[in-house]
file query.cif (mmCIF, C-alpha atoms)
data_entry
loop_
_atom_site.group_PDB
_atom_site.id
_atom_site.type_symbol
_atom_site.label_atom_id
_atom_site.label_comp_id
_atom_site.auth_asym_id
_atom_site.auth_seq_id
_atom_site.Cartn_x
_atom_site.Cartn_y
_atom_site.Cartn_z
ATOM 1 C CA MET A 1 49.131 66.433 152.461
ATOM 2 C CA LYS A 2 48.696 62.663 152.037
ATOM 3 C CA SER A 3 44.946 63.029 152.341
ATOM 4 C CA PHE A 4 44.989 65.810 149.745
ATOM 5 C CA LEU A 5 47.044 63.690 147.352
ATOM 6 C CA ARG A 6 44.718 60.716 147.803
ATOM 7 C CA LEU A 7 41.714 62.952 147.074
ATOM 8 C CA ALA A 8 43.378 64.486 144.010
ATOM 9 C CA PHE A 9 44.289 61.027 142.698
ATOM 10 C CA ALA A 10 40.736 59.804 143.258
ATOM 11 C CA LEU A 11 39.366 62.813 141.377
ATOM 12 C CA LEU A 12 41.788 62.179 138.513
ATOM 13 C CA LEU A 13 40.640 58.565 138.243
ATOM 14 C CA SER A 14 37.032 59.722 138.210
ATOM 15 C CA VAL A 15 37.716 62.173 135.388
ATOM 16 C CA LEU A 16 39.543 59.513 133.354
ATOM 17 C CA ALA A 17 36.778 56.998 133.968
ATOM 18 C CA PHE A 18 34.136 59.507 132.901
ATOM 19 C CA GLY A 19 36.135 60.346 129.780
ATOM 20 C CA ALA A 20 36.362 56.667 128.857
ATOM 21 C CA PHE A 21 32.640 56.257 129.503
ATOM 22 C CA ALA A 22 31.804 59.320 127.406
ATOM 23 C CA GLN A 23 34.009 58.117 124.557
ATOM 24 C CA GLY A 24 32.257 54.760 124.620
ATOM 25 C CA LYS A 25 28.933 56.557 124.075
ATOM 26 C CA VAL A 26 30.144 58.313 120.926
ATOM 27 C CA LEU A 27 30.342 56.671 117.512
ATOM 28 C CA ARG A 28 33.041 58.449 115.498
ATOM 29 C CA VAL A 29 32.354 58.213 111.774
ATOM 30 C CA SER A 30 34.347 59.468 108.797
ATOM 31 C CA ALA A 31 34.587 59.075 105.040
ATOM 32 C CA ILE A 32 37.180 59.427 102.318
ATOM 33 C CA PRO A 33 36.982 62.981 100.905
ATOM 34 C CA ASP A 34 36.102 61.969 97.351
ATOM 35 C CA GLU A 35 33.619 64.830 96.993
ATOM 36 C CA ALA A 36 33.395 68.376 98.311
ATOM 37 C CA PRO A 37 33.243 68.551 102.145
ATOM 38 C CA THR A 38 29.819 70.219 102.110
ATOM 39 C CA GLU A 39 28.452 67.423 99.924
ATOM 40 C CA LEU A 40 29.836 64.720 102.225
ATOM 41 C CA GLN A 41 28.213 66.386 105.235
ATOM 42 C CA ARG A 42 24.895 66.711 103.387
ATOM 43 C CA LYS A 43 24.931 63.056 102.372
ATOM 44 C CA PHE A 44 25.799 61.838 105.860
ATOM 45 C CA LYS A 45 23.356 63.844 108.012
ATOM 46 C CA PRO A 46 20.242 61.631 107.580
ATOM 47 C CA LEU A 47 22.357 58.462 107.839
ATOM 48 C CA GLY A 48 24.033 59.770 110.994
ATOM 49 C CA ASP A 49 20.664 60.512 112.578
ATOM 50 C CA TYR A 50 19.498 57.010 111.679
ATOM 51 C CA LEU A 51 22.598 55.325 113.132
ATOM 52 C CA GLN A 52 22.206 57.377 116.297
ATOM 53 C CA LYS A 53 18.658 56.075 116.690
ATOM 54 C CA GLU A 54 19.655 52.474 115.935
ATOM 55 C CA THR A 55 22.693 52.348 118.237
ATOM 56 C CA GLY A 56 21.611 54.688 121.024
ATOM 57 C CA MET A 57 24.975 56.431 120.701
ATOM 58 C CA GLU A 58 25.873 59.983 119.805
ATOM 59 C CA VAL A 59 27.155 59.951 116.224
ATOM 60 C CA GLN A 60 29.894 62.396 115.308
ATOM 61 C CA PHE A 61 31.027 62.883 111.711
ATOM 62 C CA ILE A 62 34.749 63.608 111.562
ATOM 63 C CA PRO A 63 35.757 65.234 108.265
ATOM 64 C CA VAL A 64 39.298 64.670 106.996
ATOM 65 C CA THR A 65 41.413 66.441 104.409
ATOM 66 C CA ASP A 66 42.814 63.394 102.622
ATOM 67 C CA TYR A 67 42.419 59.651 102.175
ATOM 68 C CA ALA A 68 45.437 58.794 104.313
ATOM 69 C CA ALA A 69 43.842 60.436 107.360
ATOM 70 C CA VAL A 70 40.908 57.987 107.252
ATOM 71 C CA VAL A 71 43.271 55.016 107.029
ATOM 72 C CA GLU A 72 45.328 56.280 109.959
ATOM 73 C CA GLY A 73 42.232 57.144 111.986
ATOM 74 C CA LEU A 74 40.856 53.617 111.678
ATOM 75 C CA ALA A 75 44.202 51.951 112.367
ATOM 76 C CA THR A 76 44.800 54.035 115.515
ATOM 77 C CA ASN A 77 41.218 53.702 116.856
ATOM 78 C CA LYS A 78 40.429 57.394 116.419
ATOM 79 C CA ILE A 79 37.597 56.555 114.017
ATOM 80 C CA ASP A 80 35.087 53.763 114.677
ATOM 81 C CA LEU A 81 33.345 53.517 111.311
ATOM 82 C CA ALA A 82 34.397 54.793 107.902
ATOM 83 C CA TRP A 83 33.188 54.930 104.320
ATOM 84 C CA LEU A 84 36.107 53.682 102.252
ATOM 85 C CA GLY A 85 36.916 53.073 98.630
ATOM 86 C CA GLY A 86 38.240 49.647 97.710
ATOM 87 C CA PHE A 87 41.881 50.756 97.594
ATOM 88 C CA THR A 88 41.554 52.755 100.808
ATOM 89 C CA PHE A 89 40.194 49.615 102.455
ATOM 90 C CA VAL A 90 43.204 47.648 101.219
ATOM 91 C CA GLN A 91 45.500 50.330 102.656
ATOM 92 C CA ALA A 92 43.645 50.208 105.988
ATOM 93 C CA ARG A 93 43.800 46.401 105.993
ATOM 94 C CA ILE A 94 47.571 46.510 105.505
ATOM 95 C CA ARG A 95 48.096 49.355 107.980
ATOM 96 C CA SER A 96 46.077 47.558 110.698
ATOM 97 C CA ASN A 97 47.600 44.118 110.012
ATOM 98 C CA GLY A 98 44.194 42.833 108.951
ATOM 99 C CA GLY A 99 42.401 44.342 111.939
ATOM 100 C CA VAL A 100 39.804 46.459 110.149
ATOM 101 C CA VAL A 101 36.555 44.720 109.211
ATOM 102 C CA PRO A 102 34.371 45.625 106.200
ATOM 103 C CA ILE A 103 30.734 45.110 107.184
ATOM 104 C CA VAL A 104 28.518 46.230 104.283
ATOM 105 C CA GLN A 105 28.628 47.624 100.782
ATOM 106 C CA ARG A 106 25.995 48.877 98.401
ATOM 107 C CA ALA A 107 24.717 46.329 95.911
ATOM 108 C CA GLU A 108 26.099 48.671 93.252
ATOM 109 C CA ASP A 109 29.621 48.277 94.631
ATOM 110 C CA LYS A 110 29.846 44.666 93.425
ATOM 111 C CA VAL A 111 29.764 45.906 89.835
ATOM 112 C CA PHE A 112 31.303 49.355 90.084
ATOM 113 C CA THR A 113 32.761 51.176 87.077
ATOM 114 C CA SER A 114 34.608 54.369 86.224
ATOM 115 C CA LYS A 115 33.926 56.727 83.343
ATOM 116 C CA PHE A 116 36.582 58.275 81.098
ATOM 117 C CA ILE A 117 35.409 61.711 80.006
ATOM 118 C CA VAL A 118 36.420 64.267 77.370
ATOM 119 C CA PRO A 119 34.966 67.637 76.305
ATOM 120 C CA VAL A 120 31.816 67.303 74.225
ATOM 121 C CA ASP A 121 33.640 68.606 71.142
ATOM 122 C CA SER A 122 36.700 66.365 71.560
ATOM 123 C CA PRO A 123 37.556 64.368 68.413
ATOM 124 C CA ALA A 124 38.646 61.386 70.569
ATOM 125 C CA LYS A 125 36.747 58.178 69.839
ATOM 126 C CA THR A 126 38.808 55.635 71.784
ATOM 127 C CA LEU A 127 41.196 55.613 74.741
ATOM 128 C CA ALA A 128 44.089 55.298 72.297
ATOM 129 C CA ASP A 129 43.166 58.741 70.935
ATOM 130 C CA LEU A 130 44.144 60.240 74.308
ATOM 131 C CA LYS A 131 47.847 59.562 73.805
ATOM 132 C CA GLY A 132 49.759 62.818 73.875
ATOM 133 C CA LYS A 133 46.915 64.582 75.695
ATOM 134 C CA THR A 134 46.707 65.988 79.230
ATOM 135 C CA PHE A 135 44.838 63.770 81.683
ATOM 136 C CA ALA A 136 43.279 64.161 85.142
ATOM 137 C CA PHE A 137 42.801 61.425 87.730
ATOM 138 C CA GLY A 138 40.950 62.053 91.010
ATOM 139 C CA ALA A 139 42.824 61.540 94.278
ATOM 140 C CA PRO A 140 45.978 59.363 94.146
ATOM 141 C CA SER A 141 44.441 56.860 96.618
ATOM 142 C CA SER A 142 41.042 56.740 94.908
ATOM 143 C CA THR A 143 40.002 53.287 93.688
ATOM 144 C CA SER A 144 37.625 54.499 90.985
ATOM 145 C CA GLY A 145 39.324 57.814 90.307
ATOM 146 C CA SER A 146 42.882 56.534 89.964
ATOM 147 C CA LEU A 147 43.891 52.957 90.778
ATOM 148 C CA MET A 148 41.476 50.868 88.715
ATOM 149 C CA PRO A 149 41.304 53.256 85.718
ATOM 150 C CA ARG A 150 45.101 53.295 85.669
ATOM 151 C CA TYR A 151 45.130 49.481 85.840
ATOM 152 C CA TYR A 152 42.729 49.213 82.893
ATOM 153 C CA LEU A 153 44.641 51.834 80.903
ATOM 154 C CA MET A 154 47.794 49.754 81.336
ATOM 155 C CA GLN A 155 45.892 46.658 80.184
ATOM 156 C CA ALA A 156 44.847 48.616 77.092
ATOM 157 C CA GLY A 157 48.495 49.392 76.354
ATOM 158 C CA ILE A 158 48.451 52.963 77.669
ATOM 159 C CA ASP A 159 51.059 53.951 80.260
ATOM 160 C CA PRO A 160 49.806 57.240 81.757
ATOM 161 C CA GLU A 161 53.259 58.547 82.669
ATOM 162 C CA LYS A 162 54.667 57.792 79.227
ATOM 163 C CA ASP A 163 51.714 58.192 76.894
ATOM 164 C CA PHE A 164 49.933 61.248 78.309
ATOM 165 C CA LYS A 165 51.448 64.702 77.875
ATOM 166 C CA THR A 166 50.872 65.440 81.558
ATOM 167 C CA VAL A 167 49.066 63.720 84.435
ATOM 168 C CA ALA A 168 47.246 65.734 87.109
ATOM 169 C CA TYR A 169 45.281 64.788 90.219
ATOM 170 C CA SER A 170 42.133 66.830 90.820
ATOM 171 C CA GLY A 171 41.577 65.468 94.342
ATOM 172 C CA ALA A 172 37.902 64.502 93.917
ATOM 173 C CA HIS A 173 35.516 63.091 91.324
ATOM 174 C CA ASP A 174 33.439 66.256 90.863
ATOM 175 C CA ALA A 175 36.667 68.252 90.622
ATOM 176 C CA THR A 176 37.818 66.032 87.734
ATOM 177 C CA VAL A 177 34.706 66.952 85.771
ATOM 178 C CA ALA A 178 35.456 70.622 86.466
ATOM 179 C CA PHE A 179 39.046 70.108 85.258
ATOM 180 C CA VAL A 180 37.943 68.692 81.919
ATOM 181 C CA ALA A 181 35.027 71.099 81.492
ATOM 182 C CA GLY A 182 37.331 74.035 82.211
ATOM 183 C CA SER A 183 40.036 72.887 79.756
ATOM 184 C CA ARG A 184 42.519 72.197 82.556
ATOM 185 C CA ALA A 185 42.810 68.659 81.148
ATOM 186 C CA ASP A 186 41.956 67.085 77.790
ATOM 187 C CA ALA A 187 40.446 64.046 79.481
ATOM 188 C CA GLY A 188 39.854 62.552 82.903
ATOM 189 C CA VAL A 189 38.228 59.735 84.824
ATOM 190 C CA LEU A 190 35.754 59.547 87.707
ATOM 191 C CA ASN A 191 33.492 57.023 89.346
ATOM 192 C CA ALA A 192 30.223 56.171 87.647
ATOM 193 C CA SER A 193 28.072 56.970 90.688
ATOM 194 C CA VAL A 194 29.246 60.586 90.945
ATOM 195 C CA TRP A 195 28.974 60.965 87.176
ATOM 196 C CA ASP A 196 25.353 59.790 87.207
ATOM 197 C CA LYS A 197 24.556 62.120 90.101
ATOM 198 C CA LEU A 198 26.039 65.140 88.310
ATOM 199 C CA VAL A 199 24.121 64.334 85.120
ATOM 200 C CA GLU A 200 20.837 63.897 87.014
ATOM 201 C CA ALA A 201 21.421 67.220 88.796
ATOM 202 C CA LYS A 202 22.099 68.916 85.434
ATOM 203 C CA ASN A 203 25.492 70.054 86.682
ATOM 204 C CA PRO A 204 26.828 72.708 84.266
ATOM 205 C CA ASN A 205 30.283 71.115 84.138
ATOM 206 C CA ALA A 206 28.811 67.694 83.313
ATOM 207 C CA ALA A 207 26.975 69.278 80.390
ATOM 208 C CA LYS A 208 30.327 70.293 78.882
ATOM 209 C CA VAL A 209 31.811 66.798 78.794
ATOM 210 C CA ARG A 210 30.878 63.348 77.484
ATOM 211 C CA VAL A 211 31.743 59.766 78.345
ATOM 212 C CA LEU A 212 34.429 58.315 76.096
ATOM 213 C CA ALA A 213 34.713 54.850 77.668
ATOM 214 C CA THR A 214 33.691 52.817 80.715
ATOM 215 C CA THR A 215 35.941 50.437 82.650
ATOM 216 C CA PRO A 216 35.151 46.775 83.330
ATOM 217 C CA THR A 217 33.462 46.198 86.701
ATOM 218 C CA PHE A 218 35.257 45.928 90.035
ATOM 219 C CA TYR A 219 34.444 45.930 93.766
ATOM 220 C CA ASP A 220 34.618 49.359 95.336
ATOM 221 C CA TYR A 221 33.165 51.199 98.326
ATOM 222 C CA ASN A 222 32.292 49.744 101.723
ATOM 223 C CA TRP A 223 31.609 50.667 105.329
ATOM 224 C CA THR A 224 34.428 49.411 107.565
ATOM 225 C CA VAL A 225 34.849 49.308 111.350
ATOM 226 C CA ARG A 226 38.081 49.778 113.257
ATOM 227 C CA PRO A 227 40.089 46.946 114.835
ATOM 228 C CA GLY A 228 38.684 45.725 118.149
ATOM 229 C CA LEU A 229 35.278 47.401 117.891
ATOM 230 C CA ASP A 230 32.793 45.709 120.221
ATOM 231 C CA PRO A 231 31.282 42.768 118.247
ATOM 232 C CA ALA A 232 27.823 43.614 119.589
ATOM 233 C CA LEU A 233 28.124 47.159 118.226
ATOM 234 C CA THR A 234 29.521 45.853 114.936
ATOM 235 C CA LYS A 235 26.469 43.602 114.575
ATOM 236 C CA LYS A 236 24.124 46.436 115.499
ATOM 237 C CA LEU A 237 25.678 48.651 112.817
ATOM 238 C CA THR A 238 25.608 45.875 110.222
ATOM 239 C CA ASP A 239 21.951 45.104 110.933
ATOM 240 C CA ALA A 240 21.075 48.802 110.760
ATOM 241 C CA PHE A 241 22.495 49.105 107.253
ATOM 242 C CA LEU A 242 21.009 45.834 106.028
ATOM 243 C CA LYS A 243 17.459 46.697 107.069
ATOM 244 C CA LEU A 244 17.413 50.030 105.225
ATOM 245 C CA ASP A 245 14.693 49.796 102.585
ATOM 246 C CA PRO A 246 14.070 52.429 99.889
ATOM 247 C CA ALA A 247 10.420 51.336 99.814
ATOM 248 C CA ASN A 248 10.134 52.652 103.370
ATOM 249 C CA PRO A 249 9.529 56.432 103.231
ATOM 250 C CA ALA A 250 11.641 56.910 106.358
ATOM 251 C CA ASP A 251 14.641 55.268 104.648
ATOM 252 C CA LYS A 252 14.164 56.694 101.163
ATOM 253 C CA GLU A 253 16.184 59.900 101.663
ATOM 254 C CA ILE A 254 19.074 57.992 103.236
ATOM 255 C CA MET A 255 19.244 55.528 100.374
ATOM 256 C CA GLU A 256 18.978 58.213 97.701
ATOM 257 C CA LEU A 257 21.781 60.265 99.243
ATOM 258 C CA GLN A 258 23.944 57.145 99.538
ATOM 259 C CA ARG A 259 22.987 56.222 95.945
ATOM 260 C CA ALA A 260 22.179 52.709 97.115
ATOM 261 C CA SER A 261 19.410 50.369 96.004
ATOM 262 C CA LYS A 262 20.216 48.341 99.115
ATOM 263 C CA PHE A 263 23.125 47.436 101.375
ATOM 264 C CA ILE A 264 24.508 43.897 101.356
ATOM 265 C CA PRO A 265 27.093 42.094 103.516
ATOM 266 C CA THR A 266 30.683 42.204 102.319
ATOM 267 C CA GLN A 267 33.966 40.579 103.244
ATOM 268 C CA SER A 268 37.660 41.361 103.121
ATOM 269 C CA SER A 269 38.414 38.886 100.327
ATOM 270 C CA ASN A 270 36.202 40.881 97.920
ATOM 271 C CA TYR A 271 39.035 43.396 97.730
ATOM 272 C CA ASP A 272 41.901 41.019 97.029
ATOM 273 C CA GLY A 273 41.706 41.896 93.319
ATOM 274 C CA ILE A 274 42.167 45.568 94.120
ATOM 275 C CA GLU A 275 45.204 44.741 96.256
ATOM 276 C CA ALA A 276 46.631 42.767 93.322
ATOM 277 C CA ALA A 277 46.087 45.757 91.027
ATOM 278 C CA ALA A 278 47.758 48.048 93.563
ATOM 279 C CA LYS A 279 50.746 45.734 93.801
ATOM 280 C CA SER A 280 51.087 45.567 90.029
ATOM 281 C CA ALA A 281 51.094 49.366 89.966
ATOM 282 C CA GLY A 282 53.752 49.485 92.691
ATOM 283 C CA LEU A 283 51.438 51.310 95.096
ATOM 284 C CA VAL A 284 51.635 48.687 97.862
ATOM 285 C CA LYS A 285 54.113 45.943 98.662
#

call {"tool": "encode", "arguments": {"input": "query.cif", "output": "structure tokens"}}
result
Amino acid sequence: MKSFLRLAFALLLSVLAFGAFAQGKVLRVSAIPDEAPTELQRKFKPLGDYLQKETGMEVQFIPVTDYAAVVEGLATNKIDLAWLGGFTFVQARIRSNGGVVPIVQRAEDKVFTSKFIVPVDSPAKTLADLKGKTFAFGAPSSTSGSLMPRYYLMQAGIDPEKDFKTVAYSGAHDATVAFVAGSRADAGVLNASVWDKLVEAKNPNAAKVRVLATTPTFYDYNWTVRPGLDPALTKKLTDAFLKLDPANPADKEIMELQRASKFIPTQSSNYDGIEAAAKSAGLVK
């Protein structure tokens, strides 16, 4: 019996060791669900293949249903690398006690903006004309679909909860366009990158709305790694992003899908302004 128990224990240790080894060979990647799940998967596939080649690891994309799941996944080491919005990064930074590390952002994310939209036949000419109207934000935790537009509305003297007839949350940027195009809201706001993509693709909903105003610039999206990720792997991932070049035919599809002219290094302090905006809105302490 003792021999049997020793053998069983040894087998158990072997299984656990193999599981740990296998997990170490897998890079678990996720992204905030700011677009339709099928679109996120389509955008990630070429990038995932590239990261697999650059790291020598199996890359698994882990879809999530909401922004909070990405934050929790990073903080609890269930996700290794994630595409975050600025506010989601701030939430992850707070949740992990400063453990998460932003590694790169697109050059475009240094000067990101959001677009306020209305139906093409709307008489509105300024943001002030939206008072008393119904309004749609994106997801509650979206930087460019909620937090920063709300912050700039408040600076313009418009309190969404008091000045709009109703406030709705569409859940995603492309869904906001559908809300306004389908008369489910009189106006809405989404990030400039998704807006440009929908216009270029001649999206039928985008053809039914127009841009009323554009926010001032702010820092937004980045790629962030979980607390305690191997520094050598962190560097390998950072270098992989930084050497992507749209002039290289092999990289062109990746860059176009990511809507990036190039990736540049980033740092946690870039998002201090977003944390300040979130605090002023009472969204974080």

call {"tool": "axis_aligned_box", "arguments": {"input": "query.cif", "around": "range 98-117 of chain A", "padding_each_side": "8 Å", "output": "lines of an AutoDock Vina configuration file"}}
result
center_x = 34.5
center_y = 52.3
center_z = 96.0
size_x = 35.5
size_y = 34.9
size_z = 47.9

call {"tool": "atom_distance", "arguments": {"input": "query.cif", "atom1": "CA of Val59 in chain A", "atom2": "CA of Val29 in chain A"}}
result
7.1 Å

call {"tool": "resolve_selection", "arguments": {"input": "query.cif", "expression": "the PyMOL selection byres ((chain A and resi 210-213) around 10)", "output": "MDAnalysis selection string"}}
result
chainID A and resid 114:122 124:127 177 180:181 187:189 195 206:209 214:216

call {"tool": "closest_residue", "arguments": {"input": "query.cif", "among": "A:Leu27, A:Leu74, A:Met148, A:Ala69", "to": "Tyr271 in chain A", "atoms": "all atoms listed in the file"}}
result
A:Met148

call {"tool": "atom_distance", "arguments": {"input": "query.cif", "atom1": "CA of Ala31 in chain A", "atom2": "CA of Thr238 in chain A"}}
result
16.8 Å

call {"tool": "closest_residue", "arguments": {"input": "query.cif", "among": "A:Lys165, A:Lys252, A:Arg259, A:Arg106", "to": "Lys197 in chain A", "atoms": "only C-alpha atoms"}}
result
A:Arg259

call {"tool": "atom_distance", "arguments": {"input": "query.cif", "atom1": "CA of Glu72 in chain A", "atom2": "CA of Gln91 in chain A"}}
result
9.4 Å

call {"tool": "build_atoms", "arguments": {"input": "query.cif", "residues": "range 46-63 of chain A", "atoms": "N, CA and C atoms", "output": "compact mmCIF listing (two decimals), in the frame of the given file"}}
result
# COMPACT_ATOMS: atom_id res chain seq x y z
N PRO A 46 21.35 62.55 107.29
CA PRO A 46 20.24 61.63 107.58
C PRO A 46 20.72 60.25 108.03
N LEU A 47 21.82 59.76 107.43
CA LEU A 47 22.36 58.46 107.84
C LEU A 47 22.87 58.52 109.27
N GLY A 48 23.53 59.61 109.63
CA GLY A 48 24.03 59.77 110.99
C GLY A 48 22.91 59.78 112.01
N ASP A 49 21.83 60.49 111.68
CA ASP A 49 20.66 60.51 112.58
C ASP A 49 20.08 59.11 112.74
N TYR A 50 20.03 58.38 111.65
CA TYR A 50 19.50 57.01 111.68
C TYR A 50 20.38 56.10 112.54
N LEU A 51 21.69 56.17 112.35
CA LEU A 51 22.60 55.32 113.13
C LEU A 51 22.54 55.69 114.62
N GLN A 52 22.33 56.95 114.90
CA GLN A 52 22.21 57.38 116.30
C GLN A 52 20.98 56.73 116.94
N LYS A 53 19.89 56.70 116.19
CA LYS A 53 18.66 56.08 116.69
C LYS A 53 18.83 54.57 116.85
N GLU A 54 19.51 53.92 115.91
CA GLU A 54 19.66 52.47 115.94
C GLU A 54 20.65 51.99 116.99
N THR A 55 21.66 52.78 117.29
CA THR A 55 22.69 52.35 118.24
C THR A 55 22.51 52.94 119.62
N GLY A 56 21.75 54.02 119.73
CA GLY A 56 21.61 54.69 121.02
C GLY A 56 22.84 55.48 121.40
N MET A 57 23.74 55.70 120.45
CA MET A 57 24.98 56.43 120.70
C MET A 57 24.94 57.79 120.00
N GLU A 58 25.69 58.73 120.52
CA GLU A 58 25.87 59.98 119.80
C GLU A 58 26.78 59.71 118.60
N VAL A 59 26.37 60.17 117.44
CA VAL A 59 27.16 59.95 116.22
C VAL A 59 27.83 61.25 115.83
N GLN A 60 29.13 61.23 115.72
CA GLN A 60 29.89 62.40 115.31
C GLN A 60 30.56 62.12 113.96
N PHE A 61 30.34 63.01 113.00
CA PHE A 61 31.03 62.88 111.71
C PHE A 61 32.33 63.66 111.79
N ILE A 62 33.43 63.00 111.48
CA ILE A 62 34.75 63.61 111.56
C ILE A 62 35.29 63.79 110.15
N PRO A 63 35.23 65.01 109.62
CA PRO A 63 35.76 65.23 108.26
C PRO A 63 37.27 65.17 108.26
